$ cat structure_37.txt   # compact mmCIF, C-alpha atoms
# COMPACT_ATOMS: atom_id res chain seq x y z
CA MET A 223 -25.81 -52.93 59.81
CA SER A 224 -23.28 -50.66 58.17
CA ASP A 225 -24.09 -47.85 55.77
CA ASP A 226 -21.08 -48.42 53.46
CA LYS A 227 -23.36 -49.34 50.54
CA ASN A 228 -23.20 -47.16 47.50
CA PRO A 229 -26.54 -45.39 46.85
CA ALA A 230 -26.02 -45.78 43.08
CA ASP A 231 -25.90 -49.58 43.49
CA ASP A 232 -29.15 -49.48 45.44
CA GLN A 233 -30.82 -47.42 42.74
CA ALA A 234 -29.60 -49.78 40.01
CA ARG A 235 -30.86 -52.80 41.92
CA LEU A 236 -34.19 -51.08 42.55
CA ALA A 237 -34.52 -50.21 38.84
CA ALA A 238 -33.72 -53.82 37.87
CA LEU A 239 -36.30 -55.10 40.36
CA GLU A 240 -38.94 -52.68 39.03
CA ALA A 241 -38.21 -53.81 35.46
CA LYS A 242 -38.64 -57.46 36.44
CA LEU A 243 -41.90 -56.70 38.24
CA ALA A 244 -43.22 -54.72 35.28
CA GLU A 245 -42.33 -57.61 32.97
CA ARG A 246 -44.21 -60.07 35.17
CA ARG A 247 -47.21 -57.78 35.53
CA ALA A 248 -47.50 -57.12 31.79
CA PRO A 249 -50.55 -58.88 30.46
CA ALA A 250 -49.58 -61.82 28.33
CA GLU A 251 -51.23 -62.32 24.99
CA VAL A 252 -54.56 -63.88 25.88
CA LYS A 253 -55.99 -66.49 23.55
CA HIS A 254 -59.71 -66.67 23.94
CA HIS A 255 -60.86 -70.18 24.70
CA SER A 256 -64.21 -69.56 23.05
CA GLU A 257 -62.56 -68.74 19.70
CA GLU A 258 -60.60 -71.98 19.82
CA HIS A 259 -63.74 -73.86 20.78
CA TYR A 260 -65.67 -72.45 17.83
CA SER A 261 -62.91 -73.28 15.37
CA GLN A 262 -62.83 -76.88 16.62
CA ALA A 263 -66.61 -77.13 16.33
CA GLN A 264 -66.46 -75.75 12.79
CA LEU A 265 -63.82 -78.31 11.91
CA ALA A 266 -65.95 -81.12 13.32
CA TRP A 267 -69.01 -79.99 11.37
CA ARG A 268 -66.94 -79.66 8.21
CA MET A 269 -65.79 -83.26 8.53
CA VAL A 270 -69.29 -84.55 9.26
CA ILE A 271 -70.66 -82.70 6.24
CA GLU A 272 -67.90 -84.09 4.01
CA LEU A 273 -68.71 -87.63 5.09
CA VAL A 274 -72.46 -87.22 4.69
CA ALA A 275 -72.00 -85.53 1.30
CA GLY A 276 -69.89 -88.46 0.08
CA LEU A 277 -72.52 -90.92 1.24
CA GLY A 278 -75.32 -88.86 -0.29
CA ILE A 279 -73.62 -88.56 -3.66
CA GLY A 280 -72.84 -92.28 -3.67
CA PHE A 281 -76.45 -93.06 -2.78
CA GLY A 282 -77.74 -90.79 -5.55
CA ILE A 283 -75.49 -92.26 -8.23
CA GLY A 284 -76.23 -95.85 -7.15
CA TYR A 285 -79.98 -95.27 -6.99
CA GLY A 286 -79.95 -93.58 -10.38
CA LEU A 287 -78.00 -96.39 -12.01
CA ASP A 288 -80.28 -99.02 -10.45
CA ASN A 289 -83.35 -97.22 -11.81
CA LEU A 290 -81.71 -96.74 -15.20
CA PHE A 291 -80.73 -100.39 -15.62
CA GLY A 292 -83.62 -101.91 -13.63
CA THR A 293 -81.29 -103.92 -11.44
CA THR A 294 -81.53 -104.95 -7.84
CA PRO A 295 -79.82 -102.51 -5.51
CA ILE A 296 -76.34 -103.70 -6.45
CA PHE A 297 -75.23 -100.28 -7.74
CA LEU A 298 -76.81 -98.59 -4.72
CA VAL A 299 -74.75 -100.68 -2.29
CA LEU A 300 -71.61 -100.41 -4.41
CA PHE A 301 -71.76 -96.62 -4.75
CA ILE A 302 -72.65 -96.11 -1.09
CA PHE A 303 -69.34 -97.80 -0.25
CA PHE A 304 -67.55 -95.68 -2.87
CA GLY A 305 -69.17 -92.58 -1.35
CA LEU A 306 -68.12 -93.62 2.13
CA ALA A 307 -64.53 -94.14 0.96
CA ALA A 308 -64.53 -90.75 -0.79
CA GLY A 309 -65.96 -89.04 2.31
CA VAL A 310 -63.35 -90.60 4.59
CA LYS A 311 -60.57 -89.65 2.18
CA THR A 312 -61.81 -86.05 2.11
CA MET A 313 -62.03 -85.99 5.92
CA MET A 314 -58.45 -87.22 6.19
CA ARG A 315 -57.30 -84.56 3.75
CA SER A 316 -59.04 -81.88 5.83
CA ALA A 317 -57.47 -83.20 9.03
CA ALA A 318 -54.01 -83.12 7.40
CA GLU A 319 -54.62 -79.54 6.28
CA VAL A 320 -55.55 -78.48 9.81
CA GLN A 321 -52.53 -80.29 11.23
CA ARG A 322 -50.22 -78.48 8.78
CA LYS A 323 -51.69 -75.14 9.86
CA GLN A 324 -51.23 -75.96 13.54
CA LEU A 325 -47.62 -77.05 12.99
CA ALA A 326 -46.91 -73.85 11.06
CA GLN A 327 -48.38 -71.75 13.88
CA ALA A 328 -46.39 -73.65 16.48
CA SER A 329 -43.22 -73.17 14.46
CA GLU A 330 -43.88 -69.42 14.13
CA GLN A 331 -44.49 -69.12 17.88
CA GLU A 332 -41.30 -71.03 18.61
CA ASP A 333 -39.33 -68.75 16.28
CA GLU A 334 -40.79 -65.68 17.98
CA GLN A 335 -39.86 -67.02 21.40
CA ARG A 336 -36.29 -67.66 20.31
CA GLY A 337 -36.13 -64.20 18.78
CA ASP A 338 -35.35 -65.35 15.23

$ encode --input "structure_37.txt" --output "structure tokens"
Amino acid sequence: MSDDKNPADDQARLAALEAKLAERRAPAEVKHHSEEHYSQAQLAWRMVIELVAGLGIGFGIGYGLDNLFGTTPIFLVLFIFFGLAAGVKTMMRSAAEVQRKQLAQASEQEDEQRGD
């Protein structure tokens, strides 16, 4: 092996290698799995509560109207279905809101990665 190599080139290559190693060793931003898990659980509970609240309100209105008018449980059944529809609509609205937030976060991360 010949010693015709320039020592400055070796030092530059060594510095470049050290920079690459330091970049690889740098701790990446760690997203805690437990935080994500809790936010998903909170979202699930929110949706369940919205559905149950819609059903409960529909039941209350239907029961009240049936008692007021002295009818068979026609209003009870009718307003339970209205409550179910309102609860599902509210759940869908919440899901769309969460999806918009996730898309916005993904877009921001993509912009940061591109350096914009």

$ residues_around --input "structure_37.txt" --residues "A:Gly280" --least-positions-apart "4" --cutoff "8 Å" --atoms "all atoms listed in the file" --output "MDAnalysis selection string"
chainID A and resid 276 284 298 301:306

$ closest_residue --input "structure_37.txt" --among "A:Leu243, A:Ala238, A:Ile279, A:Leu273" --to "A:Arg315" --atoms "only C-alpha atoms"
A:Leu273

$ atom_distance --input "structure_37.txt" --atom1 "atom CA of A:Leu277" --atom2 "atom CA of A:Met314"
15.4 Å

$ atom_distance --input "structure_37.txt" --atom1 "atom CA of A:Gly286" --atom2 "atom CA of A:Val299"
12.0 Å

$ atom_distance --input "structure_37.txt" --atom1 "atom CA of A:Ser316" --atom2 "atom CA of A:Gln335"
28.8 Å
